[in-house]
Structure formats: C-alpha cells, structure tokens
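*Asks:* My questions will all concern the structure given below.
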Amino acid sequence: IRPHAIALWKAAPVAERARFLRHAVAWWDVHRHRIPPRSAALIDRAVASGQLIHRRGAFLRAEAGEAGSVRAIIRPHGQDATTAIDAARIIDCRGIRNDPERHATPLVAGLLADGKARVDVLRVGLEVTGDCHLIDRDGHPSDRILAIGPVSRAAFWEITAIPDIRVQVAAVAARIAARADAQAALGRGSIFASVSAAGQVRPRRCARRATAGRRERSAAESGPSVDVSQSARVAS
C-alpha cells in the first residue's frame with residue numbers, strides 16, 4: 001500500500017482524514033513503521049526478563065520529581081483515574097504529530113506570525129499545494145517558498161521516509177529547473193526558498209548559465225569573471 005499512500009490521502013475528503021487520525025493512525029504506525037527482526041528480538045528478550053513493561057494508556061503530562069527525577073502522568077486504557085510513573089528519563093516516541101503551531105520551530109513560528117504560512121484544518125502540518133508551494137494566511141500559494149518532507153504532511157501524509165522525500169524533492173527540483181529556464185529565456189533569474197524538515201529556509205537563485213561568448217565579454221569589460229549562478233537545489 002505504501003506506493004499508493006499519498007494518492008489515497010490526497011483523494012480522501014477532510015472528514016475521512018479526520019476519522020483516520022482519530023481511529024486508525026496508531027494501527028497505521030504500528031504496521032507501517034516496522035522494526036528490523038534483530039531489534040524486535042532485543043525487545044522480546046527485554047520483555048521476557050521484565051526489563052521492559054508495556055502499559056497501554058494516554059500520556060497526559062510530565063512533572064518534576066524528587067532528586068532530579070521526572071514523573072510521567074498517564075491514564076491507563078479504559079480507566080478514568082490517572083497514575084504516576086517515576087523515572088530517570090522520559091523519551092517521547094509518539095512521532096511528529098504535535099500541534100504544528102504550538103510546537104513550531106522559530107522559522108515556522110515566524111512564517112505563521114507573518115502570515116506567510118498557515119496550519120491545515122486538521123493541524124497535521126503547514127498547508128501546501130499539490131506541487132509543494134506554501135499557502136499563506138489568506139489562502140494564496142507562495143511563488144517563492146516551497147515545503148518538503150514532514151513539514152508538508154498535511155498534503156501528502158506519508159512523506160517522512162527518505163524514499164518518499166527523494167521522489168518529492170526530485171519532482172520539485174525538476175519544476176524549479178523548468179521555471180528557471182523559462183525565466184532565463186526572458187533574461188531574468190528568479191529566487192526560490194525551500195522550507196526543510198529541519199526548519200530552515202534556504203534561498204536559491206536559479207538562472208541559465210551565460211554563454212561562453214557572454215562570459216568572455218564580461219571578463220574583458222570587468223576583469224576576472226565570477227559565475228554566481230548555480231543549479232537549482234532543494235534543501236532536504
């Protein structure tokens with residue numbers, strides 16, 4: 001199903017996506033993100049020895065404990081009462097489904113505050129078009145800022161693994177190159193910026209390289225030439 005996951009997500013109406021997130025996403029994660037057999041064997045041995053204990057429930061919050069420890073407050077499955085677990089460390093392995101606005105990186109927070117981006121209706125991630133252009137507060141796609149990788153999950157969902165991101169980046173790069181060629185044919189360059197999963201914006205100036213004759217004329221007029229144009233690249 002993996003090759004079809006993005007198409008299925010894009011075809012699903014918002015109500016069906018919301019239903020999936022409420023009821024099926026945990027099952028999807030368990031069966032989609034499998035661990036290697038060797039790692040599974042280590043976990044099985046830890047469970048058998050009592051070193052690892054599985055407890056089903058909802059994580060509510062973490063609190064400071066005594067002597068530098070931390071305390072996890074959880075609600076066991078099927079119960080209303082909460083319970084506390086004291087630990088030396090708490091490791092959050094629930095994935096990246098945090099609220100994209102409340103847990104935004106400084107870059108994403110700035111884009112949202114400036115109105116250059118907005119969170120999708122299901123609060124999965126930033127809203128982007130089908131060709132990865134960021135959508136601003138008023139619903140207009142940016143012609144300069146592109147979103148790739150997990151930050152674009154709202155539009156594509158299964159876009160966290162390298163094989164999927166590689167395909168996405170290749171398509172984006174091809175579109176940038178085509179637009180750069182069109183701009184260069186008109187005698188001007190264009191600047192794009194990409195928003196990566198790491199929360200960085202990297203501007204890229206795209207232009208067709210000058211002809212040999214043009215470079216020679218430039219060198220004759222202004223001394224040693226410096227070629228500042230570069231091929232289109234997308235940060236990942």
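Naming works like this for the structure tokens: A, B, ... for the chains as they're shown, residue 1 at the start of each chain, ligands 1 onward in shown order.
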Give me, as a ChimeraX atom specification, all polymer residues having an atom no more than 12 Å from A:His140, counting only C-alpha atoms and skipping those fewer than 5 positions away in the same chain.

*Replies:* /A:115-118,127-129,133-135,145

*Asks:* Give me the residues of stretch 80-199 of chain A that have any atom at most 9 Å from an atom of stretch 64-74 of chain A; for each, the nearest atom pair and the distance in Å, rounded to one decimal. Use only C-alpha atoms, sort by chain and number, and format it as a Markdown table.

*Replies:*
| residue | atom | partner | partner_atom | distance |
| --- | --- | --- | --- | --- |
| A:Ala81 | CA | A:Ile74 | CA | 8.9 |
| A:Thr82 | CA | A:Ile74 | CA | 5.6 |
| A:Thr83 | CA | A:Ile74 | CA | 5.5 |
| A:Ala84 | CA | A:Ile73 | CA | 4.6 |
| A:Ile85 | CA | A:Ala72 | CA | 5.1 |
| A:Asp86 | CA | A:Arg71 | CA | 4.4 |
| A:Ala87 | CA | A:Val70 | CA | 5.5 |
| A:Ala88 | CA | A:Ser69 | CA | 4.9 |
| A:Arg89 | CA | A:Val70 | CA | 6.5 |
| A:Ile90 | CA | A:Val70 | CA | 7.3 |

*Asks:* Keeping only C-alpha atoms, take the residues you just selected and write them out as a PDB file, in the first residue's frame.

*Replies:*
ATOM      1  CA  ALA A  81      -8.205   7.700  37.108  1.00  0.00           C
ATOM      2  CA  THR A  82      -4.617   8.703  36.407  1.00  0.00           C
ATOM      3  CA  THR A  83      -1.418   7.150  37.677  1.00  0.00           C
ATOM      4  CA  ALA A  84       2.167   8.365  38.025  1.00  0.00           C
ATOM      5  CA  ILE A  85       5.397   6.684  36.948  1.00  0.00           C
ATOM      6  CA  ASP A  86       8.671   7.995  38.386  1.00  0.00           C
ATOM      7  CA  ALA A  87      11.629   7.712  36.017  1.00  0.00           C
ATOM      8  CA  ALA A  88      15.107   8.996  35.381  1.00  0.00           C
ATOM      9  CA  ARG A  89      14.200   9.898  31.788  1.00  0.00           C
ATOM     10  CA  ILE A  90      11.068  10.180  29.680  1.00  0.00           C
TER      11      ILE A  90
END

*Asks:* Enter the distance from atom CA of A:Ala155 to atom CA of A:Gly130, in Å, rounded to one decimal.

*Replies:*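 Here the two named atoms are 6.9 Å from each other.
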
*Asks:* Between atom CA of A:Val124 and atom CA of A:Ser152, what is the spacing in Å?

*Replies:*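 Separation between atom CA of A:Ser152 and atom CA of A:Val124: 8.7 Å.
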
*Asks:* Please compute the atom CA of A:Gly187-atom CA of A:Cys132 distance, one decimal, in Å.

*Replies:* 25.9 Å

*Asks:* Quick one: pick out all strand (DSSP E or B) residues within stretch 68-204 of chain A from a backbone DSSP run and write them as a VMD selection string.

*Replies:* chain A and resid 70 to 76 83 to 87 119 126 128 133 to 135 141 to 147 190 to 195 201 to 204

*Asks:* Which residue out of A:Cys93, A:Ile1, A:Leu112, A:Val151 has the minimum interatomic distance to A:Asp138 when only C-alpha atoms are used?

*Replies:*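 Smallest distance to A:Asp138 is found for A:Leu112.
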
*Asks:* From a DSSP pass on the backbone, collect the residues of stretch 80-203 of chain A flagged as alpha helix (DSSP H) and hand them back as number ranges by chain.

*Replies:* A: 106-113, 153-156, 162-185
